[in-house]
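Below is one structure, written out as structure tokens; comments come after it.
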Amino acid sequence: MSIKNIRLEVMQLLEKNVNGYVDQYLIPVEKIWQPSDFLPNSESDTFFEEVKELREIAKDLPYDFWVAMVGDTITEEALPTYESWLIEIEGIDNIERNGWSKWIRQWTSEENRHGDLLNKYLYLSGRVNMREIEMTTQYLISDGFDIGTGRDPYKNFVYTSFQELATYVSHNRVSQLAKNYGDNKLSKMCKMIAGDEMRHHHAYSEFVNQIFKLDPSEMMLAFQYMMKQKIVMPAHFLRESGQKISSAFEHFSDSAQRMGVYTASDYVDIMQKLIEKWQIDKISGLTDEAEKARDYLMKLPARMARISERLVIPQESFIFKWVEPARI
């Protein structure tokens, strides 16, 4: 049987449990929080006073914080790109509306709330150029992205396991920073988003865990492949109006590192957490090639940590069109 057919068979076996995964890791629409739960109530007579308070508190947040917030928001709002990518994975058949496509649609519906909430907050804050942000979001969706996984479910689930944990780290750090600057409401918003991301991380990492039980050698090779090529962020094609693809991402990343929102050390830490979560050192029944892949993976975090220690982050902020210094 070909590698592709084995992957399809594994996906079909896991699909039998998808309804259980939906119940365990996702929350029904009627029970989960909605963006309006955390924003000024436009139906209330106190709406303008609430907005004024939000804007006053927002004045104390620094430039790099706003850049990180905008980058996180745009990343969340590019959700149509991510859904169209996941629905194309081998074994996920949207036409047949199988269990996997049910998972993707319900996961998407939960994630969609994140961009809605952050976008409305940015709009009400008055601290950013919303038109420039909207153009960047449209660019990011229209440009698409290439994360190097193809339609391979094994590689894609490694990616989502890693990326959901990375977004948890980012939103959780923004929450902590907002609280430190006295914006408790924004802190709670980002904390709730981070909670969703952690639940989703647990789900995707469980998918990988189950694949390791069914097809350990090929799963090990897929994990090695993704770590070798490095996990690119979903917004790695980020650009502002009038710029080329990827022109803004490096500067956004620098701002996030300066603020401690997401750093090279976090990348290494997530890699180590996945190795421990999947108990890579204990997996048995591997081919010789997969054994070599395991050895590579076990040594990789220490090697990457040494590299991250030598990174030099520019201390001068890049001036984005999204966040004009005169507004801060």
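Ordering of the structure tokens sets the chain letters (A, B, ...); residue numbers start at 1 within each chain; ligands are numbered from 1 in the order shown.
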
I'd like a table as JSON lines: residues in stretch 41-95 of chain A with an atom no more than 12 Å from stretch 187-196 of chain A, each row giving the shortest atom pair and its distance in Å to one decimal, only C-alpha atoms counted, sorted by chain and rising residue number.
```
{"residue": "A:Ile57", "atom": "CA", "partner": "A:Ser187", "partner_atom": "CA", "distance": 11.9}
{"residue": "A:Ala58", "atom": "CA", "partner": "A:Ser187", "partner_atom": "CA", "distance": 11.6}
{"residue": "A:Met69", "atom": "CA", "partner": "A:Cys190", "partner_atom": "CA", "distance": 9.8}
{"residue": "A:Asp72", "atom": "CA", "partner": "A:Cys190", "partner_atom": "CA", "distance": 10.3}
{"residue": "A:Thr73", "atom": "CA", "partner": "A:Cys190", "partner_atom": "CA", "distance": 10.7}
{"residue": "A:Glu76", "atom": "CA", "partner": "A:Ile193", "partner_atom": "CA", "distance": 10.3}
```

Query raised in the report: Near A:Phe249, counting only C-alpha atoms, which residues have an atom at most 7 Å away, once you skip same-chain residues fewer than 2 positions from it, shown as a VMD selection string?
Result: chain A and resid 236 to 239 246 to 247 251 to 253

Residues from the last selection, C-alpha atoms, saved as a tab-separated table (two decimals), in the first residue's frame:
```
chain	number	residue	atom	x	y	z
A	236	HIS	CA	4.56	35.41	7.01
A	237	PHE	CA	3.34	37.10	3.80
A	238	LEU	CA	2.28	40.17	5.79
A	239	ARG	CA	2.54	43.50	3.95
A	246	SER	CA	6.56	39.60	3.38
A	247	SER	CA	7.89	43.16	3.68
A	251	HIS	CA	9.40	44.20	11.44
A	252	PHE	CA	6.25	42.92	13.15
A	253	SER	CA	8.26	39.99	14.51
```

Leaving out stretch 307-312 of chain A and any residue of its chain fewer than 6 positions from it, which residues lie within 12 Å of it when counting only C-alpha atoms, given as a tab-separated table (two decimals) with all heavy atoms, in the first residue's frame?
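File written: around29.tsv
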```tsv
chain	number	residue	atom	x	y	z
A	254	ASP	N	9.98	41.66	15.00
A	254	ASP	CA	10.91	42.39	15.86
A	254	ASP	C	10.16	43.08	17.00
A	254	ASP	O	10.61	43.07	18.16
A	254	ASP	CB	11.69	43.43	15.05
A	254	ASP	CG	12.72	42.81	14.12
A	254	ASP	OD1	13.07	41.63	14.32
A	254	ASP	OD2	13.17	43.51	13.18
A	257	GLN	N	9.13	40.54	19.54
A	257	GLN	CA	10.28	40.09	20.35
A	257	GLN	C	10.67	41.15	21.37
A	257	GLN	O	10.98	40.82	22.52
A	257	GLN	CB	11.47	39.78	19.44
A	257	GLN	CG	11.25	38.57	18.55
A	257	GLN	CD	12.39	37.56	18.62
A	257	GLN	OE1	12.75	37.11	19.71
A	257	GLN	NE2	12.94	37.22	17.49
A	258	ARG	N	10.67	42.44	20.96
A	258	ARG	CA	11.04	43.50	21.90
A	258	ARG	C	10.07	43.55	23.08
A	258	ARG	O	10.47	43.80	24.21
A	258	ARG	CB	11.07	44.86	21.19
A	258	ARG	CG	12.33	45.14	20.40
A	258	ARG	CD	12.43	46.60	19.99
A	258	ARG	NE	11.35	46.98	19.09
A	258	ARG	CZ	11.42	46.90	17.74
A	258	ARG	NH1	12.53	46.43	17.17
A	258	ARG	NH2	10.41	47.27	16.99
A	263	THR	N	8.93	35.14	21.13
A	263	THR	CA	10.37	35.23	20.91
A	263	THR	C	10.93	33.94	20.33
A	263	THR	O	10.25	32.91	20.27
A	263	THR	CB	11.09	35.53	22.23
A	263	THR	OG1	10.97	34.37	23.08
A	263	THR	CG2	10.48	36.74	22.95
A	264	ALA	N	12.20	34.02	19.94
A	264	ALA	CA	12.89	32.83	19.44
A	264	ALA	C	12.96	31.75	20.52
A	264	ALA	O	12.88	30.55	20.23
A	264	ALA	CB	14.30	33.20	18.96
A	265	SER	N	13.08	32.16	21.76
A	265	SER	CA	13.10	31.20	22.87
A	265	SER	C	11.76	30.49	23.01
A	265	SER	O	11.71	29.30	23.36
A	265	SER	CB	13.44	31.92	24.19
A	265	SER	OG	14.75	32.43	24.15
A	266	ASP	N	10.67	31.20	22.73
A	266	ASP	CA	9.35	30.58	22.77
A	266	ASP	C	9.24	29.49	21.70
A	266	ASP	O	8.65	28.44	21.94
A	266	ASP	CB	8.25	31.63	22.54
A	266	ASP	CG	8.12	32.60	23.71
A	266	ASP	OD1	8.24	32.15	24.86
A	266	ASP	OD2	7.92	33.80	23.46
A	267	TYR	N	9.79	29.76	20.53
A	267	TYR	CA	9.79	28.77	19.45
A	267	TYR	C	10.45	27.47	19.91
A	267	TYR	O	9.90	26.38	19.73
A	267	TYR	CB	10.51	29.35	18.23
A	267	TYR	CG	10.51	28.45	17.01
A	267	TYR	CD1	9.59	28.64	15.99
A	267	TYR	CD2	11.43	27.41	16.88
A	267	TYR	CE1	9.58	27.82	14.87
A	267	TYR	CE2	11.42	26.58	15.78
A	267	TYR	CZ	10.50	26.79	14.77
A	267	TYR	OH	10.48	25.97	13.66
A	268	VAL	N	11.62	27.61	20.53
A	268	VAL	CA	12.36	26.43	21.01
A	268	VAL	C	11.57	25.72	22.11
A	268	VAL	O	11.49	24.49	22.15
A	268	VAL	CB	13.75	26.84	21.52
A	268	VAL	CG1	14.49	25.63	22.10
A	268	VAL	CG2	14.57	27.47	20.40
A	269	ASP	N	10.97	26.51	22.99
A	269	ASP	CA	10.21	25.95	24.10
A	269	ASP	C	9.01	25.14	23.60
A	269	ASP	O	8.70	24.07	24.13
A	269	ASP	CB	9.73	27.08	25.02
A	269	ASP	CG	9.06	26.56	26.28
A	269	ASP	OD1	9.67	25.71	26.95
A	269	ASP	OD2	7.94	27.00	26.58
A	300	LEU	N	17.49	18.54	18.59
A	300	LEU	CA	17.21	19.82	17.94
A	300	LEU	C	16.95	20.99	18.89
A	300	LEU	O	17.48	22.09	18.67
A	300	LEU	CB	16.04	19.66	16.96
A	300	LEU	CG	15.74	20.87	16.06
A	300	LEU	CD1	16.97	21.25	15.24
A	300	LEU	CD2	14.55	20.55	15.15
A	301	PRO	N	16.15	20.85	19.95
A	301	PRO	CA	15.89	22.01	20.82
A	301	PRO	C	17.16	22.64	21.39
A	301	PRO	O	17.28	23.88	21.41
A	301	PRO	CB	15.01	21.42	21.93
A	301	PRO	CG	14.31	20.28	21.28
A	301	PRO	CD	15.33	19.69	20.36
```

Requested in this report: Give the answer as one residue: which of A:Asp152, A:Glu43, A:Glu197, A:Glu250 has the shortest atom-to-atom distance to A:Lys4, using only C-alpha atoms?
Outcome: A:Asp152

Query raised in the report: A:Lys179, A:Arg113, A:Lys16, A:Lys230: which is nearest A:Phe162, counting only C-alpha atoms?
Result: A:Lys230

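In terms of minimum interatomic distance to A:Arg173, A:Val261 ranks closest within A:Arg131, A:Gln224, A:Val261, A:Phe48, counting only C-alpha atoms.
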
**Report entry** Picked from stretch 16-250 of chain A by DSSP as helix (DSSP H, G or I), as a VMD selection string
**Finding:** chain A and resid 18 to 25 35 to 37 47 to 58 63 to 77 79 to 86 99 to 125 130 to 143 153 to 180 184 to 214 216 to 229 249 to 250

Query raised in the report: Residues at most 9 Å from stretch 26-42 of chain A, counting only C-alpha atoms, excluding those fewer than 3 positions away in the same chain, as a VMD selection string?
Result: chain A and resid 21 to 23 45 to 51 54 103 106 to 107 109 to 110 113 to 114 116 to 118 120 to 121 185 to 186 188 to 189 192 196 199 to 200 203

Query raised in the report: Got a sec: who's within 9 Å of A:Lys155, counting only C-alpha atoms, leaving out chain neighbours fewer than 2 positions off, as a list in words?
Result: Gly148, Thr149, Gly150, Arg151, Asp152, Pro153, Phe157, Val158, Tyr159, Thr160, Met219, Ala222, Phe223, Tyr225 and Met226 of chain A

Please dump the current selection as a compact mmCIF listing (two decimals), in the first residue's frame; keep N, CA, C and O atoms.
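New file out-v1.txt:
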```
# COMPACT_ATOMS: atom_id res chain seq x y z
N GLY A 148 4.45 24.94 3.61
CA GLY A 148 5.32 23.81 3.33
C GLY A 148 4.78 22.45 3.71
O GLY A 148 5.54 21.49 3.82
N THR A 149 3.47 22.34 3.90
CA THR A 149 2.88 21.07 4.32
C THR A 149 2.20 20.31 3.19
O THR A 149 1.92 19.12 3.33
N GLY A 150 1.91 21.01 2.09
CA GLY A 150 1.14 20.39 1.02
C GLY A 150 -0.21 19.93 1.55
O GLY A 150 -0.80 20.56 2.43
N ARG A 151 -0.69 18.79 1.06
CA ARG A 151 -1.99 18.26 1.52
C ARG A 151 -1.83 17.11 2.50
O ARG A 151 -2.77 16.41 2.81
N ASP A 152 -0.61 16.93 2.99
CA ASP A 152 -0.27 15.84 3.90
C ASP A 152 -0.88 16.08 5.28
O ASP A 152 -0.52 17.05 5.97
N PRO A 153 -1.81 15.23 5.76
CA PRO A 153 -2.43 15.46 7.07
C PRO A 153 -1.43 15.39 8.22
O PRO A 153 -1.56 16.12 9.21
N PHE A 157 -1.03 18.52 10.70
CA PHE A 157 -1.39 18.44 12.11
C PHE A 157 -0.20 18.77 13.02
O PHE A 157 -0.39 19.25 14.14
N VAL A 158 1.03 18.51 12.56
CA VAL A 158 2.20 19.01 13.29
C VAL A 158 2.16 20.53 13.30
O VAL A 158 2.36 21.18 14.34
N TYR A 159 1.88 21.11 12.13
CA TYR A 159 1.84 22.57 12.02
C TYR A 159 0.79 23.17 12.95
O TYR A 159 1.07 24.12 13.69
N THR A 160 -0.44 22.65 12.90
CA THR A 160 -1.50 23.23 13.73
C THR A 160 -1.23 23.01 15.22
O THR A 160 -1.55 23.88 16.05
N MET A 219 4.77 9.18 10.87
CA MET A 219 4.49 10.36 11.68
C MET A 219 5.78 10.99 12.18
O MET A 219 5.92 12.21 12.21
N ALA A 222 7.35 12.89 9.37
CA ALA A 222 6.62 14.14 9.11
C ALA A 222 6.98 15.20 10.15
O ALA A 222 7.16 16.38 9.82
N PHE A 223 7.12 14.79 11.40
CA PHE A 223 7.51 15.71 12.47
C PHE A 223 8.91 16.25 12.20
O PHE A 223 9.17 17.46 12.30
N TYR A 225 10.40 16.47 9.32
CA TYR A 225 10.34 17.34 8.14
C TYR A 225 9.92 18.75 8.53
O TYR A 225 10.52 19.74 8.10
N MET A 226 8.87 18.86 9.35
CA MET A 226 8.37 20.18 9.73
C MET A 226 9.37 20.93 10.60
O MET A 226 9.51 22.15 10.47
```

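We find atom CA of A:Asp64 and atom CA of A:Lys52 to be spaced 22.6 Å apart.
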
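You can rank A:Met298, A:Ile283, A:Ala305, A:Ile87 by their closest distance to A:Asn209 using only C-alpha atoms, and at the top of that list sits A:Ile283.
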
**Report entry** Coordinates-based distance that separates atom CA of A:Asn172 from atom CA of A:Ala248 (Å, one decimal)
**Finding:** 22.8 Å

Report summary line: Pairwise distance, atom CA of A:Arg306 with atom CA of A:Val67, equals 27.8 Å

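Minimum atom-to-atom distance to A:Asp215, evaluated using only C-alpha atoms, belongs to A:Arg7 out of A:Arg7, A:Lys292, A:His201, A:Lys299.
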